[in-house]
$ cat run.pdb   # PDB, C-alpha atoms and all ligand atoms
ATOM      1  CA  MET A  25     147.553  91.810 107.203
ATOM      2  CA  LYS A  26     150.951  90.469 106.170
ATOM      3  CA  ILE A  27     154.328  91.493 107.562
ATOM      4  CA  ILE A  28     156.935  91.803 104.818
ATOM      5  CA  ASP A  29     159.983  89.931 106.053
ATOM      6  CA  GLY A  30     162.925  91.972 104.772
ATOM      7  CA  LYS A  31     165.385  89.729 106.570
ATOM      8  CA  LEU A  32     164.152  86.647 104.723
ATOM      9  CA  ILE A  33     163.973  88.327 101.295
ATOM     10  CA  SER A  34     167.426  89.839 101.776
ATOM     11  CA  SER A  35     168.951  86.467 102.679
ATOM     12  CA  GLU A  36     167.500  84.996  99.466
ATOM     13  CA  ILE A  37     169.105  87.840  97.458
ATOM     14  CA  LYS A  38     172.461  87.361  99.222
ATOM     15  CA  GLN A  39     172.362  83.587  98.609
ATOM     16  CA  LYS A  40     171.822  84.183  94.872
ATOM     17  CA  ILE A  41     174.761  86.613  94.797
ATOM     18  CA  LYS A  42     176.960  84.113  96.653
ATOM     19  CA  ASP A  43     176.041  81.334  94.212
ATOM     20  CA  GLU A  44     176.833  83.555  91.225
ATOM     21  CA  ILE A  45     180.195  84.618  92.656
ATOM     22  CA  GLN A  46     181.052  80.993  93.432
ATOM     23  CA  SER A  47     180.178  79.604  90.003
ATOM     24  CA  LYS A  48     181.251  82.497  87.774
ATOM     25  CA  MET A  49     184.264  83.863  89.664
ATOM     26  CA  ILE A  50     185.702  81.639  92.410
ATOM     27  CA  ASP A  51     185.354  78.367  90.451
ATOM     28  CA  LYS A  52     186.866  80.054  87.385
ATOM     29  CA  LYS A  53     189.681  81.625  89.422
ATOM     30  CA  LYS A  54     188.515  85.122  88.514
ATOM     31  CA  PRO A  55     188.627  88.069  90.930
ATOM     32  CA  VAL A  56     185.630  88.509  93.219
ATOM     33  CA  PRO A  57     183.971  91.923  93.809
ATOM     34  CA  THR A  58     185.506  94.160  96.484
ATOM     35  CA  LEU A  59     183.503  96.813  98.298
ATOM     36  CA  ALA A  60     185.396  99.685  99.924
ATOM     37  CA  CYS A  61     183.646 101.531 102.780
ATOM     38  CA  ILE A  62     185.058 104.823 103.969
ATOM     39  CA  ILE A  63     184.054 105.711 107.506
ATOM     40  CA  VAL A  64     184.919 108.895 109.346
ATOM     41  CA  GLU A  65     185.058 107.981 113.028
ATOM     42  CA  GLY A  66     182.750 109.506 115.651
ATOM     43  CA  ASN A  67     179.265 108.327 114.672
ATOM     44  CA  PRO A  68     178.188 105.150 116.537
ATOM     45  CA  ALA A  69     175.297 104.427 114.104
ATOM     46  CA  SER A  70     177.711 104.564 111.154
ATOM     47  CA  GLU A  71     179.951 102.012 112.914
ATOM     48  CA  VAL A  72     176.977  99.616 113.148
ATOM     49  CA  TYR A  73     176.050 100.111 109.477
ATOM     50  CA  VAL A  74     179.610  99.571 108.252
ATOM     51  CA  ALA A  75     179.969  96.422 110.378
ATOM     52  CA  SER A  76     176.771  94.990 108.876
ATOM     53  CA  LYS A  77     178.005  95.770 105.350
ATOM     54  CA  GLU A  78     181.304  94.010 106.077
ATOM     55  CA  LYS A  79     179.394  90.973 107.383
ATOM     56  CA  ALA A  80     177.211  90.915 104.271
ATOM     57  CA  CYS A  81     180.291  90.974 102.017
ATOM     58  CA  THR A  82     181.606  87.878 103.780
ATOM     59  CA  ALA A  83     178.188  86.178 103.489
ATOM     60  CA  CYS A  84     178.198  86.845  99.726
ATOM     61  CA  SER A  85     181.847  85.692  99.260
ATOM     62  CA  MET A  86     182.903  89.232  98.360
ATOM     63  CA  LYS A  87     185.879  91.102  99.750
ATOM     64  CA  SER A  88     185.527  94.255 101.809
ATOM     65  CA  LYS A  89     187.990  96.985 102.606
ATOM     66  CA  ILE A  90     187.171  99.355 105.461
ATOM     67  CA  VAL A  91     189.041 102.650 105.362
ATOM     68  CA  ARG A  92     188.879 104.539 108.669
ATOM     69  CA  LEU A  93     189.547 108.237 108.908
ATOM     70  CA  LYS A  94     189.891 110.255 112.115
ATOM     71  CA  LYS A  95     186.965 112.374 113.318
ATOM     72  CA  ASP A  96     188.929 115.589 112.616
ATOM     73  CA  THR A  97     190.021 114.476 109.157
ATOM     74  CA  SER A  98     190.366 117.212 106.533
ATOM     75  CA  GLU A  99     188.399 117.401 103.304
ATOM     76  CA  GLU A 100     191.706 117.048 101.457
ATOM     77  CA  THR A 101     192.551 113.758 103.222
ATOM     78  CA  LEU A 102     189.091 112.402 102.457
ATOM     79  CA  PHE A 103     189.326 113.418  98.785
ATOM     80  CA  ASN A 104     192.796 111.833  98.499
ATOM     81  CA  THR A 105     191.437 108.621 100.039
ATOM     82  CA  ILE A 106     188.610 108.521  97.498
ATOM     83  CA  GLU A 107     191.075 109.189  94.667
ATOM     84  CA  LYS A 108     193.265 106.281  95.774
ATOM     85  CA  LEU A 109     190.277 103.911  95.806
ATOM     86  CA  ASN A 110     189.117 105.246  92.414
ATOM     87  CA  ASN A 111     192.504 104.223  90.996
ATOM     88  CA  ASP A 112     192.695 100.871  92.769
ATOM     89  CA  GLU A 113     191.922  98.163  90.185
ATOM     90  CA  GLU A 114     190.877  95.738  92.895
ATOM     91  CA  ILE A 115     188.001  97.929  94.158
ATOM     92  CA  SER A 116     184.620  97.363  92.474
ATOM     93  CA  GLY A 117     182.521  99.794  94.511
ATOM     94  CA  ILE A 118     183.108 102.657  96.947
ATOM     95  CA  LEU A 119     180.673 103.606  99.682
ATOM     96  CA  LEU A 120     181.178 106.804 101.645
ATOM     97  CA  GLN A 121     179.314 106.314 104.914
ATOM     98  CA  LEU A 122     177.182 109.379 105.674
ATOM     99  CA  PRO A 123     176.771 111.642 107.586
ATOM    100  CA  LEU A 124     180.199 113.278 107.459
ATOM    101  CA  PRO A 125     181.448 115.608 110.216
ATOM    102  CA  ASN A 126     180.603 119.318 109.997
ATOM    103  CA  GLY A 127     182.994 121.136 107.726
ATOM    104  CA  ILE A 128     183.072 118.432 105.051
ATOM    105  CA  ASP A 129     180.733 118.933 102.132
ATOM    106  CA  SER A 130     179.155 115.490 101.633
ATOM    107  CA  VAL A 131     177.783 116.283  98.150
ATOM    108  CA  LYS A 132     181.218 117.411  96.980
ATOM    109  CA  ALA A 133     182.831 114.359  98.581
ATOM    110  CA  THR A 134     180.324 111.915  97.079
ATOM    111  CA  ASN A 135     180.910 113.407  93.647
ATOM    112  CA  ARG A 136     184.631 112.616  93.963
ATOM    113  CA  ILE A 137     183.741 108.923  93.610
ATOM    114  CA  LEU A 138     184.078 107.604  90.063
ATOM    115  CA  PRO A 139     180.519 107.015  88.745
ATOM    116  CA  SER A 140     181.573 103.479  87.749
ATOM    117  CA  LYS A 141     182.400 102.774  91.417
ATOM    118  CA  ASP A 142     179.572 104.808  92.983
ATOM    119  CA  VAL A 143     177.778 101.895  94.563
ATOM    120  CA  ASP A 144     174.977 103.932  96.197
ATOM    121  CA  CYS A 145     174.277 105.830  92.964
ATOM    122  CA  LEU A 146     174.673 109.295  94.475
ATOM    123  CA  THR A 147     177.025 111.031  92.029
ATOM    124  CA  TYR A 148     175.380 113.590  89.760
ATOM    125  CA  GLU A 149     176.195 111.418  86.736
ATOM    126  CA  ASN A 150     174.488 108.342  88.175
ATOM    127  CA  LEU A 151     171.521 110.306  89.522
ATOM    128  CA  GLY A 152     171.120 111.844  86.071
ATOM    129  CA  ALA A 153     171.095 108.358  84.549
ATOM    130  CA  LEU A 154     168.566 107.227  87.159
ATOM    131  CA  PHE A 155     166.219 110.108  86.487
ATOM    132  CA  SER A 156     166.492 109.665  82.714
ATOM    133  CA  SER A 157     165.736 105.930  82.991
ATOM    134  CA  LYS A 158     169.238 105.018  81.729
ATOM    135  CA  LYS A 159     170.340 103.570  85.018
ATOM    136  CA  VAL A 160     172.884 100.806  85.576
ATOM    137  CA  ILE A 161     172.129 100.790  89.302
ATOM    138  CA  ALA A 162     169.846 102.776  91.648
ATOM    139  CA  PRO A 163     170.293 103.835  95.287
ATOM    140  CA  CYS A 164     170.298 100.759  97.547
ATOM    141  CA  THR A 165     167.370 101.653  99.825
ATOM    142  CA  ALA A 166     165.092 102.607  96.943
ATOM    143  CA  THR A 167     166.010  99.420  95.071
ATOM    144  CA  GLY A 168     165.391  97.374  98.211
ATOM    145  CA  ILE A 169     161.871  98.778  98.534
ATOM    146  CA  ILE A 170     160.980  97.889  94.939
ATOM    147  CA  GLU A 171     162.460  94.395  95.424
ATOM    148  CA  MET A 172     160.277  93.921  98.513
ATOM    149  CA  LEU A 173     157.117  94.920  96.653
ATOM    150  CA  LYS A 174     157.970  92.636  93.728
ATOM    151  CA  HIS A 175     158.807  89.725  96.003
ATOM    152  CA  GLU A 176     155.365  90.029  97.617
ATOM    153  CA  LYS A 177     153.785  90.389  94.142
ATOM    154  CA  ILE A 178     152.220  93.698  95.157
ATOM    155  CA  GLN A 179     150.947  95.451  92.069
ATOM    156  CA  ILE A 180     152.720  98.772  91.410
ATOM    157  CA  ALA A 181     151.614  99.660  87.874
ATOM    158  CA  GLY A 182     148.542 101.863  87.805
ATOM    159  CA  LYS A 183     148.491 102.182  91.611
ATOM    160  CA  ARG A 184     148.635 105.347  93.655
ATOM    161  CA  ALA A 185     151.918 105.660  95.603
ATOM    162  CA  VAL A 186     152.618 108.339  98.204
ATOM    163  CA  VAL A 187     156.171 108.896  99.459
ATOM    164  CA  LEU A 188     156.722 110.857 102.664
ATOM    165  CA  GLY A 189     160.203 112.448 102.502
ATOM    166  CA  ARG A 190     162.113 113.945  99.574
ATOM    167  CA  SER A 191     165.806 113.225 100.266
ATOM    168  CA  LEU A 192     167.924 112.217  97.277
ATOM    169  CA  LEU A 193     169.071 109.106  99.123
ATOM    170  CA  VAL A 194     165.568 107.764  99.778
ATOM    171  CA  GLY A 195     162.416 109.800  99.062
ATOM    172  CA  LYS A 196     163.179 111.188  95.600
ATOM    173  CA  SER A 197     164.894 107.983  94.473
ATOM    174  CA  VAL A 198     162.115 105.625  95.518
ATOM    175  CA  ALA A 199     159.489 107.969  94.070
ATOM    176  CA  ASN A 200     161.389 107.849  90.785
ATOM    177  CA  LEU A 201     161.622 104.056  90.755
ATOM    178  CA  LEU A 202     157.918 103.726  91.606
ATOM    179  CA  GLU A 203     157.092 106.055  88.737
ATOM    180  CA  GLN A 204     159.310 103.958  86.418
ATOM    181  CA  GLU A 205     157.213 100.966  87.520
ATOM    182  CA  ASN A 206     154.161 102.938  86.352
ATOM    183  CA  ALA A 207     152.715 103.983  89.703
ATOM    184  CA  THR A 208     151.187 107.456  90.015
ATOM    185  CA  VAL A 209     153.374 109.085  92.635
ATOM    186  CA  THR A 210     152.931 111.949  95.088
ATOM    187  CA  ILE A 211     155.880 113.177  97.166
ATOM    188  CA  CYS A 212     155.152 114.834 100.534
ATOM    189  CA  HIS A 213     157.599 116.744 102.739
ATOM    190  CA  SER A 214     157.704 118.968 105.787
ATOM    191  CA  LYS A 215     155.854 121.804 104.018
ATOM    192  CA  THR A 216     153.060 119.619 102.613
ATOM    193  CA  GLU A 217     149.540 120.596 103.622
ATOM    194  CA  ASN A 218     146.954 117.877 104.343
ATOM    195  CA  ILE A 219     149.605 115.162 104.594
ATOM    196  CA  LYS A 220     147.212 112.788 106.359
ATOM    197  CA  GLU A 221     144.567 113.077 103.628
ATOM    198  CA  LEU A 222     147.151 112.635 100.861
ATOM    199  CA  SER A 223     148.680 109.606 102.582
ATOM    200  CA  LYS A 224     145.256 108.057 102.955
ATOM    201  CA  GLN A 225     144.864 107.987  99.174
ATOM    202  CA  ALA A 226     147.876 105.689  98.800
ATOM    203  CA  ASP A 227     147.759 102.079  97.720
ATOM    204  CA  ILE A 228     151.484 102.057  98.521
ATOM    205  CA  LEU A 229     152.718 104.389 101.273
ATOM    206  CA  VAL A 230     156.493 104.768 101.711
ATOM    207  CA  VAL A 231     157.577 106.653 104.817
ATOM    208  CA  ALA A 232     161.117 108.104 105.027
ATOM    209  CA  ILE A 233     161.097 111.162 107.257
ATOM    210  CA  GLY A 234     163.060 110.247 110.388
ATOM    211  CA  LYS A 235     160.191 110.961 112.819
ATOM    212  CA  PRO A 236     159.449 108.086 115.213
ATOM    213  CA  LYS A 237     155.937 106.595 114.920
ATOM    214  CA  PHE A 238     154.739 109.609 112.908
ATOM    215  CA  VAL A 239     152.346 107.611 110.724
ATOM    216  CA  THR A 240     149.298 106.280 112.557
ATOM    217  CA  LYS A 241     146.269 104.396 111.216
ATOM    218  CA  GLU A 242     144.593 107.724 110.349
ATOM    219  CA  PHE A 243     147.156 108.081 107.503
ATOM    220  CA  VAL A 244     146.430 104.687 105.983
ATOM    221  CA  LYS A 245     143.779 103.438 103.576
ATOM    222  CA  LYS A 246     142.293 100.053 104.435
ATOM    223  CA  GLY A 247     144.343  97.295 102.774
ATOM    224  CA  ALA A 248     147.223  99.593 101.710
ATOM    225  CA  THR A 249     150.881  98.549 101.658
ATOM    226  CA  VAL A 250     153.019 100.501 104.131
ATOM    227  CA  ILE A 251     156.806 100.562 103.794
ATOM    228  CA  ASP A 252     158.620 102.017 106.795
ATOM    229  CA  VAL A 253     162.117 103.289 106.006
ATOM    230  CA  GLY A 254     162.708 105.210 109.243
ATOM    231  CA  ILE A 255     165.436 104.284 111.696
ATOM    232  CA  ASN A 256     165.089 106.166 114.986
ATOM    233  CA  ARG A 257     166.833 105.311 118.236
ATOM    234  CA  ILE A 258     164.685 105.731 121.330
ATOM    235  CA  ASP A 259     165.924 104.560 124.745
ATOM    236  CA  GLY A 260     168.349 102.191 123.027
ATOM    237  CA  LYS A 261     165.582 100.670 120.865
ATOM    238  CA  ILE A 262     165.181 101.109 117.111
ATOM    239  CA  VAL A 263     161.753 102.263 115.947
ATOM    240  CA  GLY A 264     160.473 103.264 112.531
ATOM    241  CA  ASP A 265     158.538 106.263 111.265
ATOM    242  CA  VAL A 266     155.345 104.202 111.395
ATOM    243  CA  ASP A 267     153.386 103.291 114.515
ATOM    244  CA  PHE A 268     153.459  99.593 113.667
ATOM    245  CA  ASP A 269     150.936  98.357 116.255
ATOM    246  CA  ASP A 270     148.395 100.991 115.277
ATOM    247  CA  VAL A 271     148.836 100.789 111.481
ATOM    248  CA  LYS A 272     148.751  96.977 111.339
ATOM    249  CA  LYS A 273     145.040  97.197 112.273
ATOM    250  CA  VAL A 274     144.173  98.692 108.869
ATOM    251  CA  CYS A 275     146.926  97.969 106.324
ATOM    252  CA  GLY A 276     147.228  95.005 103.963
ATOM    253  CA  TYR A 277     151.032  94.700 104.089
ATOM    254  CA  ILE A 278     153.588  96.346 106.360
ATOM    255  CA  SER A 279     157.382  96.264 106.591
ATOM    256  CA  PRO A 280     158.647  96.209 110.185
ATOM    257  CA  VAL A 281     161.513  98.094 111.794
ATOM    258  CA  PRO A 282     163.885  96.442 112.424
ATOM    259  CA  GLY A 283     163.824  93.575 109.925
ATOM    260  CA  GLY A 284     162.272  95.380 106.946
ATOM    261  CA  VAL A 285     163.940  97.915 104.672
ATOM    262  CA  GLY A 286     167.267  97.898 106.594
ATOM    263  CA  PRO A 287     168.400  94.383 105.564
ATOM    264  CA  MET A 288     167.042  94.973 102.038
ATOM    265  CA  THR A 289     169.308  98.034 101.724
ATOM    266  CA  VAL A 290     172.361  95.956 102.604
ATOM    267  CA  ALA A 291     171.382  93.147 100.197
ATOM    268  CA  CYS A 292     170.923  95.679  97.380
ATOM    269  CA  LEU A 293     174.312  97.176  98.209
ATOM    270  CA  MET A 294     175.783  93.727  97.584
ATOM    271  CA  GLN A 295     173.786  93.473  94.345
ATOM    272  CA  ASN A 296     175.039  96.890  93.199
ATOM    273  CA  THR A 297     178.649  95.964  94.021
ATOM    274  CA  LEU A 298     178.312  92.808  91.923
ATOM    275  CA  THR A 299     176.745  94.768  89.042
ATOM    276  CA  LEU A 300     179.556  97.370  89.042
ATOM    277  CA  HIS A 301     182.155  94.587  89.240
ATOM    278  CA  LYS A 302     180.661  92.800  86.233
ATOM    279  CA  ASN A 303     180.374  96.094  84.379
ATOM    280  CA  LYS A 304     184.067  96.772  85.000
ATOM    281  CA  SER A 305     185.036  93.294  83.774
ATOM    282  CA  LYS A 306     183.046  93.959  80.591
ATOM    283  CA  GLY A 307     185.073  97.173  80.145
ATOM    284  CA  GLY A 308     182.259  99.448  81.338
ATOM    285  CA  LYS A 309     182.734 103.220  81.418
ATOM    286  CA  ARG A 310     185.150 104.362  84.161
TER     287      ARG A 310
HETATM  288  P1  LIG B   1     166.511 113.300 105.512
HETATM  289  O1  LIG B   1     167.546 113.552 104.492
HETATM  290  O2  LIG B   1     166.607 113.960 106.838
HETATM  291  O3  LIG B   1     165.099 113.682 104.863
HETATM  292  C1  LIG B   1     163.924 113.646 105.609
HETATM  293  C2  LIG B   1     162.776 114.053 104.732
HETATM  294  O4  LIG B   1     161.587 113.964 105.505
HETATM  295  C3  LIG B   1     162.854 115.493 104.223
HETATM  296  O5  LIG B   1     162.477 115.536 102.874
HETATM  297  C4  LIG B   1     161.853 116.239 105.102
HETATM  298  O6  LIG B   1     161.187 117.312 104.450
HETATM  299  C5  LIG B   1     160.845 115.159 105.392
HETATM  300  N1  LIG B   1     160.151 115.409 106.656
HETATM  301  C6  LIG B   1     160.664 115.669 107.868
HETATM  302  N2  LIG B   1     159.693 115.855 108.771
HETATM  303  C7  LIG B   1     158.531 115.716 108.119
HETATM  304  C8  LIG B   1     157.171 115.798 108.512
HETATM  305  N3  LIG B   1     156.808 116.059 109.774
HETATM  306  N4  LIG B   1     156.231 115.594 107.572
HETATM  307  C9  LIG B   1     156.571 115.320 106.294
HETATM  308  N5  LIG B   1     157.837 115.234 105.861
HETATM  309  C10 LIG B   1     158.810 115.440 106.769
HETATM  310  O7  LIG B   1     166.376 111.755 105.836
HETATM  311  P2  LIG B   1     166.622 110.450 104.893
HETATM  312  O8  LIG B   1     168.069 110.233 104.678
HETATM  313  O9  LIG B   1     165.697 110.482 103.741
HETATM  314  O10 LIG B   1     166.122 109.313 105.917
HETATM  315  C11 LIG B   1     164.799 109.242 106.380
HETATM  316  C12 LIG B   1     164.696 108.157 107.438
HETATM  317  O11 LIG B   1     165.045 106.911 106.839
HETATM  318  C13 LIG B   1     165.660 108.306 108.611
HETATM  319  O12 LIG B   1     165.046 107.794 109.770
HETATM  320  C14 LIG B   1     166.840 107.446 108.221
HETATM  321  O13 LIG B   1     167.565 106.964 109.348
HETATM  322  C15 LIG B   1     166.135 106.314 107.527
HETATM  323  N6  LIG B   1     166.938 105.587 106.542
HETATM  324  C16 LIG B   1     166.843 104.233 106.574
HETATM  325  C17 LIG B   1     167.529 103.481 105.648
HETATM  326  C18 LIG B   1     167.389 101.992 105.685
HETATM  327  O14 LIG B   1     168.148 101.300 105.067
HETATM  328  N7  LIG B   1     166.376 101.467 106.362
HETATM  329  C19 LIG B   1     168.343 104.098 104.692
HETATM  330  C20 LIG B   1     168.410 105.492 104.676
HETATM  331  C21 LIG B   1     167.695 106.232 105.600
HETATM  332  P3  LIG B   1     161.942 118.638 103.944
HETATM  333  O15 LIG B   1     162.638 118.239 102.691
HETATM  334  O16 LIG B   1     160.828 119.597 103.708
HETATM  335  O17 LIG B   1     162.869 119.031 105.050
END

$ encode --input "run.pdb" --output "structure tokens" --more "lines below"
Ligand code: NAP
Amino acid sequence: MKIIDGKLISSEIKQKIKDEIQSKMIDKKKPVPTLACIIVEGNPASEVYVASKEKACTACSMKSKIVRLKKDTSEETLFNTIEKLNNDEEISGILLQLPLPNGIDSVKATNRILPSKDVDCLTYENLGALFSSKKVIAPCTATGIIEMLKHEKIQIAGKRAVVLGRSLLVGKSVANLLEQENATVTICHSKTENIKELSKQADILVVAIGKPKFVTKEFVKKGATVIDVGINRIDGKIVGDVDFDDVKKVCGYISPVPGGVGPMTVACLMQNTLTLHKNKSKGGKR
């Protein structure tokens, strides 16, 4: 059994990005990418995520701009903030930290971001491109999972992949990328019957449901790869959707929580920001 070290892989990705920015932008006195994060105050987990994104920008020699809005902010204020960042030439990518407070429609808000600056690939235009295989970028978590599998040289093509969870942000997106890599993919959700039996058929099992330690060794085929996306806070500790100690007895590879998909998501956010920045410099669609 091998533990997939997302922290290590993500630091390799960030180092490559830093080197590219140094040689192709800083040394040539060209502008570096700038990531704007909009955070609506009141969610402690969001504060942690935004802080780690800001830290990653610094590590990659990118600029970051954090825009804070009050907990009781109106939809109009949020939309105006997005509009301002859309029109700001210096901004390469915009990330709207979710969840948003009740009363603000997050789908509507996300779709206010210009597709050319939509760094998490969640606008309808970018999702359409993703699902029609015309993508420029893909959602960060889904991309991070594929990068992990490729880094470990785990075969995807021809293999059976099962994804637990069908959110746009994770489940549907990673299922789509796995299918583009020629896996045969099954998506399970809260209404799926025989979820254990289906999971047990997987060569690659991706779990993104937000239920602590839901997946035990009874869900896992011997030698399978298990990718745990879940982030659950229990008694101040972060645990995944997979019962790590139980599943490690049967799997071939496993990504831990913390230190697995989380850091990969942040590294792929940096990668996406760089891609959008380069696309803009080439006169990409706005
Ligand atoms: P979400 O939008 O709440 O979606 C959860 C999905 O899981 C839904 O499709 C739901 O099914 C399904 N589900 C819930 N209970 C289930 C059960 N008992 N059996 C089978 N399926 C079940 O969550 P999300 O945004 O995809 O996030 C999932 C988890 O990943 C969360 O813990 C989140 O914190 C974490 N996450 C981590 C990262 C990272 O970078 N590591 C990034 C994003 C999210 P229905 O559709 O039928 O309701």

$ closest_residue --input "run.pdb" --among "A:Leu300, A:Val230, A:Ile106, A:Ala60" --to "ligand LIG 1 (chain B)" --atoms "only C-alpha atoms and all ligand atoms"
A:Val230

$ residues_around --input "run.pdb" --residues "Glu99 of chain A" --least-positions-apart "3" --cutoff "9 Å" --atoms "only C-alpha atoms" --output "NGL selection string"
:A and (102-104 or 127-129 or 133)

$ closest_atom_pairs --input "run.pdb" --of "segment 115-184 of chain A" --to "segment 71-90 of chain A" --cutoff "10 Å" --atoms "all atoms listed in the file" --output "tab-separated table"
residue	atom	partner	partner_atom	distance
A:Ile115	CA	A:Lys89	CA	8.5
A:Ser116	CA	A:Lys87	CA	9.7
A:Gly117	CA	A:Ser88	CA	9.6
A:Ile118	CA	A:Lys89	CA	9.4
A:Leu119	CA	A:Val74	CA	9.5
A:Leu120	CA	A:Val74	CA	9.9
A:Gln121	CA	A:Val74	CA	7.5

$ resolve_selection --input "run.pdb" --expression "the PyMOL selection byres (((chain A and resi 171-187) around 8) and not hetatm)" --output "ChimeraX atom specification"
/A:28,30,33,167-170,188-190,195,198-199,202,205-212,222-223,225-232,288

$ resolve_selection --input "run.pdb" --expression "the PyMOL selection byres (((not hetatm)) within 6 of (chain B and resi 1))" --output "PyMOL selection string"
chain A and resi 165+188-191+193-195+212-215+232-234+253-256+285-286+289

$ resolve_selection --input "run.pdb" --expression "the PyMOL selection byres (((chain A and resi 263-273) around 6) and not hetatm)" --output "JSON, numbers by chain"
{"A": [235, 236, 237, 238, 239, 240, 241, 254, 255, 256, 262, 274, 275, 281]}

$ closest_residue --input "run.pdb" --among "A:Glu149, A:Glu65, A:Asp144, A:Glu217" --to "Leu124 of chain A" --atoms "all atoms listed in the file"
A:Glu65

$ atom_distance --input "run.pdb" --atom1 "atom CA of Leu293 of chain A" --atom2 "atom CA of Thr105 of chain A"
20.7 Å

$ residues_around --input "run.pdb" --residues "Pro125 of chain A" --least-positions-apart "3" --cutoff "9 Å" --atoms "all atoms listed in the file" --output "list in words"
Val64, Glu65, Gly66, Asn67, Lys95, Asp96, Thr97, Leu122, Ile128, Asp129 and Ser130 of chain A

$ atom_distance --input "run.pdb" --atom1 "atom CA of Glu221 of chain A" --atom2 "atom CA of Phe243 of chain A"
6.8 Å

$ residues_around --input "run.pdb" --residues "Thr249 of chain A" --least-positions-apart "2" --cutoff "6 Å" --atoms "only C-alpha atoms" --output "list of chain:residue names"
A:Ile228, A:Gly276, A:Tyr277, A:Ile278

$ atom_distance --input "run.pdb" --atom1 "atom CA of Glu203 of chain A" --atom2 "atom CA of Ile37 of chain A"
23.5 Å

$ residues_around --input "run.pdb" --residues "segment 109-113 of chain A" --least-positions-apart "6" --cutoff "9 Å" --atoms "only C-alpha atoms" --output "number ranges by chain"
A: 60, 136-138, 141

$ axis_aligned_box --input "run.pdb" --around "segment 150-166 of chain A" --padding-each-side "8 Å" --output "lines of an AutoDock Vina configuration file"
center_x = 169.8
center_y = 106.3
center_z = 90.8
size_x = 25.4
size_y = 27.1
size_z = 34.1
